[in-house]
file input09.cif (mmCIF, C-alpha atoms and all ligand atoms)
data_coords
#
loop_
_atom_site.label_atom_id
_atom_site.label_comp_id
_atom_site.auth_asym_id
_atom_site.auth_seq_id
_atom_site.Cartn_x
_atom_site.Cartn_y
_atom_site.Cartn_z
CA MET J 27 138.89 -164.87 52.82
CA LEU J 28 139.93 -166.18 56.23
CA HIS J 29 142.83 -164.90 58.27
CA ARG J 30 145.64 -167.45 58.49
CA SER J 31 145.66 -167.16 62.28
CA TRP J 32 142.24 -168.85 62.36
CA PHE J 33 143.77 -172.09 61.08
CA PRO J 34 145.14 -174.45 63.72
CA ASP J 35 148.24 -176.43 62.73
CA ARG J 36 146.65 -179.56 64.09
CA LEU J 37 143.90 -180.64 66.46
CA VAL J 38 144.67 -183.82 68.33
CA GLY J 39 142.00 -186.20 69.65
CA ASP J 40 142.10 -189.70 71.11
CA ARG J 41 141.68 -191.48 67.76
CA VAL J 42 141.90 -188.79 65.09
CA VAL J 43 144.26 -185.95 64.32
CA LEU J 44 143.13 -183.03 62.18
CA LYS J 45 145.91 -181.47 60.10
CA ARG J 46 146.17 -178.81 57.44
CA HIS J 47 145.57 -180.22 53.97
CA VAL J 48 148.54 -180.63 51.63
CA PRO J 49 148.44 -180.59 47.78
CA GLY J 50 149.05 -184.36 47.71
CA ASN J 51 145.59 -184.93 49.25
CA LEU J 52 143.99 -184.08 45.89
CA ALA J 53 144.33 -187.70 44.74
CA ALA J 54 142.19 -188.87 47.67
CA PHE J 55 139.58 -186.17 46.94
CA MET J 56 139.39 -187.37 43.33
CA ARG J 57 138.62 -190.87 44.58
CA TRP J 58 136.19 -189.85 47.35
CA TYR J 59 134.07 -187.43 45.34
CA ALA J 60 133.93 -189.72 42.30
CA ASP J 61 132.20 -192.33 44.48
CA PRO J 62 128.42 -192.48 43.87
CA GLU J 63 127.68 -193.38 47.51
CA VAL J 64 129.64 -190.40 48.85
CA SER J 65 128.06 -188.04 46.33
CA ARG J 66 124.57 -189.36 47.12
CA LEU J 67 125.05 -188.27 50.74
CA THR J 68 126.77 -184.94 50.09
CA ARG J 69 125.55 -183.44 46.80
CA TYR J 70 122.31 -181.81 45.68
CA GLN J 71 123.02 -182.86 42.11
CA ASP J 72 122.53 -186.45 41.10
CA GLY J 73 125.86 -188.15 40.40
CA PRO J 74 129.47 -187.50 41.34
CA MET J 75 131.44 -184.30 40.69
CA ALA J 76 133.48 -184.10 37.49
CA ARG J 77 137.26 -184.09 37.93
CA PRO J 78 137.77 -180.40 37.01
CA GLU J 79 135.07 -179.46 39.53
CA ILE J 80 136.79 -181.50 42.25
CA GLU J 81 140.07 -179.80 41.44
CA ARG J 82 138.52 -176.30 41.60
CA PHE J 83 136.81 -177.16 44.89
CA PHE J 84 140.08 -178.52 46.29
CA GLN J 85 142.12 -175.46 45.32
CA ALA J 86 139.62 -172.85 46.54
CA ARG J 87 137.90 -174.43 49.51
CA VAL J 88 140.37 -177.00 50.80
CA LEU J 89 143.87 -175.63 50.21
CA GLY J 90 142.74 -172.01 49.90
CA THR J 91 141.43 -169.64 52.52
CA ASP J 92 137.76 -169.56 51.45
CA SER J 93 137.04 -172.15 54.16
CA LEU J 94 138.78 -173.43 57.26
CA ALA J 95 139.35 -176.99 56.03
CA MET J 96 141.23 -179.69 57.91
CA ALA J 97 142.29 -183.20 56.88
CA ILE J 98 141.05 -186.02 59.13
CA HIS J 99 143.76 -188.59 59.86
CA GLU J 100 143.49 -191.74 61.93
CA GLY J 101 145.78 -191.07 64.90
CA ALA J 102 147.29 -194.57 65.18
CA SER J 103 148.21 -195.05 61.49
CA ASP J 104 148.20 -191.44 60.19
CA ARG J 105 145.96 -192.70 57.36
CA LEU J 106 144.03 -189.89 55.62
CA LEU J 107 140.32 -190.62 56.18
CA GLY J 108 138.48 -187.49 55.10
CA THR J 109 137.99 -183.78 55.39
CA CYS J 110 136.01 -181.32 57.49
CA ALA J 111 135.58 -177.58 57.25
CA PHE J 112 133.92 -174.39 58.39
CA SER J 113 132.62 -172.20 55.59
CA GLN J 114 130.89 -168.81 55.58
CA LEU J 115 132.73 -167.71 58.71
CA ASP J 116 131.02 -164.52 59.82
CA GLY J 117 132.96 -162.73 62.54
CA GLU J 118 130.31 -160.08 63.14
CA ASN J 119 127.66 -162.65 64.00
CA GLY J 120 130.10 -165.27 65.32
CA SER J 121 128.78 -167.98 63.03
CA ALA J 122 129.93 -170.56 60.51
CA LEU J 123 128.67 -173.62 58.65
CA PHE J 124 130.16 -177.06 59.26
CA HIS J 125 130.86 -179.73 56.62
CA ILE J 126 132.42 -183.17 56.95
CA THR J 127 133.15 -186.09 54.65
CA ILE J 128 134.92 -189.27 55.65
CA GLY J 129 135.83 -190.39 52.15
CA GLU J 130 137.24 -193.79 53.14
CA LYS J 131 134.04 -195.80 53.40
CA ASP J 132 135.56 -198.62 55.47
CA ALA J 133 136.07 -195.96 58.19
CA TRP J 134 132.35 -195.08 58.45
CA GLY J 135 130.52 -195.84 61.68
CA LYS J 136 133.64 -196.21 63.83
CA GLY J 137 133.43 -192.96 65.75
CA PHE J 138 136.00 -191.01 63.70
CA GLY J 139 133.48 -188.51 62.32
CA THR J 140 132.00 -187.68 65.72
CA GLU J 141 135.44 -187.14 67.21
CA ALA J 142 136.55 -184.94 64.30
CA THR J 143 133.34 -182.89 64.68
CA ARG J 144 133.98 -182.40 68.40
CA LEU J 145 137.56 -181.24 67.73
CA MET J 146 136.30 -178.67 65.23
CA LEU J 147 133.61 -177.46 67.66
CA GLU J 148 136.18 -177.13 70.41
CA HIS J 149 138.31 -174.98 68.10
CA ALA J 150 135.30 -172.89 67.10
CA PHE J 151 134.02 -172.23 70.59
CA GLU J 152 137.19 -172.27 72.72
CA ARG J 153 139.73 -170.65 70.35
CA LEU J 154 137.76 -168.65 67.79
CA ARG J 155 135.04 -167.74 70.32
CA LEU J 156 132.31 -168.28 67.75
CA HIS J 157 128.70 -168.25 68.88
CA ARG J 158 126.90 -170.60 66.52
CA ILE J 159 127.73 -173.41 64.11
CA GLY J 160 125.06 -174.55 61.68
CA LEU J 161 124.80 -177.32 59.12
CA SER J 162 122.31 -178.97 56.85
CA VAL J 163 121.99 -182.67 56.13
CA PHE J 164 119.69 -184.74 53.95
CA ALA J 165 117.00 -186.48 56.02
CA PHE J 166 117.97 -189.90 54.65
CA ASN J 167 121.53 -189.53 56.01
CA GLU J 168 120.78 -191.13 59.38
CA ARG J 169 124.40 -191.92 60.18
CA ALA J 170 125.36 -188.25 59.83
CA ILE J 171 122.36 -187.03 61.86
CA ARG J 172 123.21 -189.43 64.70
CA SER J 173 126.83 -188.37 64.66
CA TYR J 174 125.93 -184.64 64.71
CA ARG J 175 123.50 -185.20 67.58
CA ARG J 176 126.16 -187.02 69.57
CA ALA J 177 128.54 -184.10 69.04
CA GLY J 178 125.89 -181.71 70.43
CA PHE J 179 123.99 -180.40 67.40
CA VAL J 180 120.22 -180.09 67.70
CA ILE J 181 117.63 -180.08 64.94
CA GLU J 182 116.23 -176.58 64.52
CA GLY J 183 114.16 -176.98 61.39
CA ARG J 184 113.57 -178.68 58.10
CA ALA J 185 113.46 -177.48 54.53
CA ARG J 186 110.55 -179.61 53.39
CA GLU J 187 111.09 -181.83 50.35
CA ALA J 188 114.19 -179.88 49.35
CA ILE J 189 115.92 -182.80 47.69
CA ARG J 190 114.82 -185.46 45.24
CA ARG J 191 116.69 -188.73 45.59
CA ASP J 192 115.94 -192.37 44.86
CA GLY J 193 112.70 -191.37 43.13
CA ARG J 194 111.14 -189.46 46.04
CA TRP J 195 111.31 -186.17 47.93
CA TRP J 196 113.27 -185.79 51.16
CA ASP J 197 113.53 -182.96 53.68
CA GLU J 198 116.79 -181.20 54.34
CA VAL J 199 117.37 -181.10 58.10
CA GLU J 200 118.85 -177.92 59.60
CA MET J 201 120.96 -178.41 62.74
CA SER J 202 122.98 -176.08 64.93
CA ILE J 203 124.97 -175.84 68.13
CA LEU J 204 125.46 -172.66 70.17
CA ASP J 205 128.39 -171.83 72.42
CA SER J 206 126.02 -172.14 75.40
CA ASP J 207 125.12 -175.71 74.30
CA TRP J 208 128.82 -176.51 74.01
CA ARG J 209 129.58 -175.15 77.49
CA ALA J 210 126.66 -177.04 79.02
CA ILE J 211 127.91 -180.30 77.48
CA ALA J 212 131.50 -179.65 78.61
CA SER J 213 130.39 -178.74 82.10
CA ALA J 214 128.13 -181.82 82.42
CA ALA J 215 131.03 -184.03 81.25
CA ALA J 216 133.38 -182.41 83.78
CA GLY J 217 130.78 -182.85 86.53
CA ALA J 218 130.37 -186.52 85.65
CA ARG J 219 134.16 -186.99 85.68
CA ASP J 220 134.53 -185.25 89.07
CA ALA J 221 131.81 -187.43 90.57
CA GLY J 222 133.32 -190.58 89.09
CA GLY J 223 130.40 -190.94 86.72
CA ALA J 224 127.78 -190.97 89.49
CA PRO J 225 124.20 -190.51 88.23
CA GLY J 226 123.08 -186.89 88.38
CA ALA J 227 126.65 -185.63 88.66
CA GLY J 228 127.09 -182.01 87.68
CA ALA J 229 123.47 -181.07 88.24
CA GLY J 230 122.38 -178.61 90.88
CA ASP J 231 125.83 -177.93 92.37
CA GLY J 232 126.22 -174.47 90.86
CA THR J 233 129.22 -175.45 88.75
CA GLU J 234 127.26 -175.65 85.57
CA ARG J 235 125.62 -172.26 86.18
CA ASP J 236 128.92 -170.57 87.10
CA GLU J 237 130.50 -171.59 83.82
CA GLN J 238 127.66 -170.32 81.67
CA PRO J 239 128.36 -167.10 79.75
CA LEU J 240 126.35 -164.00 80.63
CA THR J 241 122.98 -164.13 78.92
CA ASP J 242 120.57 -161.54 77.61
CA PRO J 243 117.48 -161.88 79.84
CA ALA J 244 115.21 -160.99 76.90
CA THR J 245 116.47 -163.70 74.58
CA GLY J 246 118.32 -166.07 76.90
CA ARG J 247 121.23 -165.89 74.46
CA PRO J 248 124.87 -165.28 75.53
CA VAL J 249 125.90 -161.63 75.26
CA ASP J 250 129.67 -161.96 74.82
CA THR J 251 130.46 -160.36 71.51
CA PRO J 252 133.00 -162.13 69.32
CA THR J 253 136.12 -160.01 69.07
CA ILE J 254 137.00 -161.36 65.66
CA GLU J 255 136.70 -159.09 62.65
CA ARG J 256 134.14 -159.69 59.95
CA ILE J 257 135.82 -161.76 57.31
CA ARG J 258 133.35 -162.16 54.50
C1 LIG H 1 128.63 -188.54 58.37
C2 LIG H 1 130.00 -189.01 58.84
C3 LIG H 1 130.96 -187.82 58.95
C4 LIG H 1 129.84 -189.61 60.26
O1 LIG H 1 131.10 -190.06 60.69
P1 LIG H 1 131.26 -191.58 61.17
O2 LIG H 1 132.63 -191.74 61.68
O3 LIG H 1 130.80 -192.48 60.08
O4 LIG H 1 130.16 -191.60 62.33
P2 LIG H 1 130.32 -192.11 63.83
O5 LIG H 1 130.77 -193.52 63.83
O6 LIG H 1 131.11 -191.14 64.60
O7 LIG H 1 128.80 -192.01 64.31
C5 LIG H 1 127.79 -192.61 63.53
C6 LIG H 1 126.52 -192.78 64.31
O8 LIG H 1 125.54 -193.30 63.44
C7 LIG H 1 125.25 -194.65 63.76
N1 LIG H 1 125.30 -195.38 62.50
C8 LIG H 1 126.31 -196.01 61.91
N2 LIG H 1 125.94 -196.52 60.73
C9 LIG H 1 124.64 -196.17 60.56
C10 LIG H 1 123.68 -196.40 59.53
N3 LIG H 1 124.00 -197.08 58.43
N4 LIG H 1 122.44 -195.90 59.70
C11 LIG H 1 122.10 -195.19 60.80
N5 LIG H 1 122.99 -194.94 61.82
C12 LIG H 1 124.23 -195.44 61.69
C13 LIG H 1 126.32 -195.09 64.74
O9 LIG H 1 125.82 -196.07 65.63
C14 LIG H 1 126.62 -193.77 65.43
O10 LIG H 1 125.59 -193.41 66.32
P3 LIG H 1 125.74 -193.58 67.90
O11 LIG H 1 127.01 -192.87 68.26
O12 LIG H 1 124.54 -192.92 68.45
O13 LIG H 1 125.84 -195.05 68.15
C15 LIG H 1 130.60 -190.08 57.87
O14 LIG H 1 129.82 -191.26 57.94
C16 LIG H 1 130.66 -189.59 56.43
O15 LIG H 1 131.50 -188.79 56.10
N6 LIG H 1 129.76 -190.09 55.58
C17 LIG H 1 129.77 -189.77 54.14
C18 LIG H 1 129.62 -188.29 53.81
C19 LIG H 1 128.51 -187.65 54.61
O16 LIG H 1 127.43 -188.19 54.79
N7 LIG H 1 128.79 -186.43 55.09
C20 LIG H 1 127.83 -185.63 55.82
C21 LIG H 1 127.04 -184.81 54.89
S1 LIG H 1 125.92 -183.71 55.76
#
call {"tool": "encode", "arguments": {"input": "input09.cif", "output": "structure tokens"}}
result
Amino acid sequence: MLHRSWFPDRLVGDRVVLKRHVPGNLAAFMRWYADPEVSRLTRYQDGPMARPEIERFFQARVLGTDSLAMAIHEGASDRLLGTCAFSQLDGENGSALFHITIGEKDAWGKGFGTEATRLMLEHAFERLRLHRIGLSVFAFNERAIRSYRRAGFVIEGRAREAIRRDGRWWDEVEMSILDSDWRAIASAAAGARDAGGAPGAGAGDGTERDEQPLTDPATGRPVDTPTIERIR
């Protein structure tokens, strides 16, 4: 169970706002997860979730404290678009798994998912001081893979032929982002901004290096230990 203090009230981006879920969002979940196209991209089982299963999932992992789930709203209209979450938060190892579903299909491919992912990563690395966020995605879900890459995730492996869909086997792609990746991206973006977007900005001026966390010379991994308690 997660400590309440881990939950932000809201995370505000340019085009999306992430807010705590409210019980009234269940109706949208019923619609989203009953959709065959959404379930094809998100579920191991063939076919949508049954209503009682959606309700159990919503109570435990969306409203409850099993996961850190946030509702994705379009900033301009406040329309509820989807949901994103960290599960399996492990304070000792500073890690969590990321999940996202934009349930409103007309909102796919417009940048909302990538922005919501970045807001969650910022919360994970800047506020919770986590070290690693992982996820897995079906290899046929190219839109999701592109969005995760743009947010900073890298492919670290594949579970070969882990899913059968559309009459054939597909790999499950494992992706992750480390706090050091996140800081490198943030520092490169700041360098580019400072230099007015000049090519090569941020490289070789020491800024990027200075903002890196201390690393273990043996592994190259950051050594700052998360101060959060183990929560599962
Ligand atoms: C995956 C998801 C969160 C991505 O959010 P989104 O708002 O649709 O994605 P974005 O618009 O931010 O980014 C999509 C990227 O894929 C590209 N893209 C869009 N449609 C695509 C398609 N049909 N095929 C391949 N790439 C596509 C876009 O060009 C963009 O890449 P770019 O930034 O390099 O140009 C959202 O589509 C979703 O929830 N889908 C259904 C559920 C799902 O798949 N969840 C993830 C399970 S692991």
call {"tool": "atom_distance", "arguments": {"input": "input09.cif", "atom1": "CA of Ala218 (chain J)", "atom2": "atom N4 of ligand LIG 1 (chain H)"}}
result
28.7 Å
call {"tool": "closest_residue", "arguments": {"input": "input09.cif", "among": "J:Phe179, J:Phe55, J:Phe151, J:Phe83", "to": "Thr109 (chain J)", "atoms": "all atoms listed in the file"}}
result
J:Phe55
call {"tool": "residues_near_ligand", "arguments": {"input": "input09.cif", "ligand": "ligand LIG 1 (chain H)", "cutoff": "7 Å", "atoms": "only C-alpha atoms and all ligand atoms", "output": "ChimeraX atom specification"}}
result
/J:64,67-68,125-129,133-141,162-164,167-170,172-173,176
call {"tool": "residues_around", "arguments": {"input": "input09.cif", "residues": "Gln71 (chain J)", "least_positions_apart": "5", "cutoff": "12 Å", "atoms": "all atoms listed in the file", "output": "PDB file with C-alpha atoms, in the coordinates of the input"}}
result
ATOM      1  CA  PRO J  62     128.420-192.480  43.870  1.00  0.00           C
ATOM      2  CA  SER J  65     128.060-188.040  46.330  1.00  0.00           C
ATOM      3  CA  ARG J  66     124.570-189.360  47.120  1.00  0.00           C
ATOM      4  CA  ALA J  76     133.480-184.100  37.490  1.00  0.00           C
ATOM      5  CA  ALA J 188     114.190-179.880  49.350  1.00  0.00           C
ATOM      6  CA  ILE J 189     115.920-182.800  47.690  1.00  0.00           C
ATOM      7  CA  ARG J 190     114.820-185.460  45.240  1.00  0.00           C
ATOM      8  CA  ARG J 191     116.690-188.730  45.590  1.00  0.00           C
TER       9      ARG J 191
END
call {"tool": "axis_aligned_box", "arguments": {"input": "input09.cif", "around": "region 129-143 of chain J", "padding_each_side": "6 Å", "output": "lines of an AutoDock Vina configuration file"}}
result
center_x = 133.9
center_y = -190.8
center_z = 59.7
size_x = 18.7
size_y = 27.7
size_z = 27.1
call {"tool": "closest_residue", "arguments": {"input": "input09.cif", "among": "J:Pro34, J:Gly217, J:Gly160, J:Pro49", "to": "Tyr174 (chain J)", "atoms": "all atoms listed in the file"}}
result
J:Gly160
call {"tool": "residues_around", "arguments": {"input": "input09.cif", "residues": "Ser121 (chain J)", "least_positions_apart": "6", "cutoff": "7 Å", "atoms": "only C-alpha atoms", "output": "list of chain:residue names"}}
result
J:Leu115, J:Leu156, J:His157, J:Arg158, J:Ile159
call {"tool": "write_last_selection", "arguments": {"input": "input09.cif", "atoms": "C-alpha atoms", "output": "PDB file, in the frame of the given file"}}
result
ATOM      1  CA  LEU J 115     132.730-167.710  58.710  1.00  0.00           C
ATOM      2  CA  LEU J 156     132.310-168.280  67.750  1.00  0.00           C
ATOM      3  CA  HIS J 157     128.700-168.250  68.880  1.00  0.00           C
ATOM      4  CA  ARG J 158     126.900-170.600  66.520  1.00  0.00           C
ATOM      5  CA  ILE J 159     127.730-173.410  64.110  1.00  0.00           C
TER       6      ILE J 159
END
call {"tool": "atom_distance", "arguments": {"input": "input09.cif", "atom1": "CA of Leu147 (chain J)", "atom2": "CA of Gly90 (chain J)"}}
result
20.7 Å
call {"tool": "atom_distance", "arguments": {"input": "input09.cif", "atom1": "CA of Ile203 (chain J)", "atom2": "CA of Ala95 (chain J)"}}
result
18.8 Å
call {"tool": "residues_around", "arguments": {"input": "input09.cif", "residues": "Pro78 (chain J)", "least_positions_apart": "5", "cutoff": "12 Å", "atoms": "all atoms listed in the file", "output": "tab-separated table (two decimals) with C-alpha atoms, keeping the file's coordinate frame"}}
result
chain	number	residue	atom	x	y	z
J	52	LEU	CA	143.99	-184.08	45.89
J	55	PHE	CA	139.58	-186.17	46.94
J	56	MET	CA	139.39	-187.37	43.33
J	59	TYR	CA	134.07	-187.43	45.34
J	60	ALA	CA	133.93	-189.72	42.30
J	83	PHE	CA	136.81	-177.16	44.89
J	84	PHE	CA	140.08	-178.52	46.29
J	85	GLN	CA	142.12	-175.46	45.32
call {"tool": "residues_around", "arguments": {"input": "input09.cif", "residues": "Glu100 (chain J)", "least_positions_apart": "6", "cutoff": "8 Å", "atoms": "all atoms listed in the file", "output": "list in words"}}
result
Arg41, Val42, Val43, Leu106, Leu107 and Phe138 of chain J
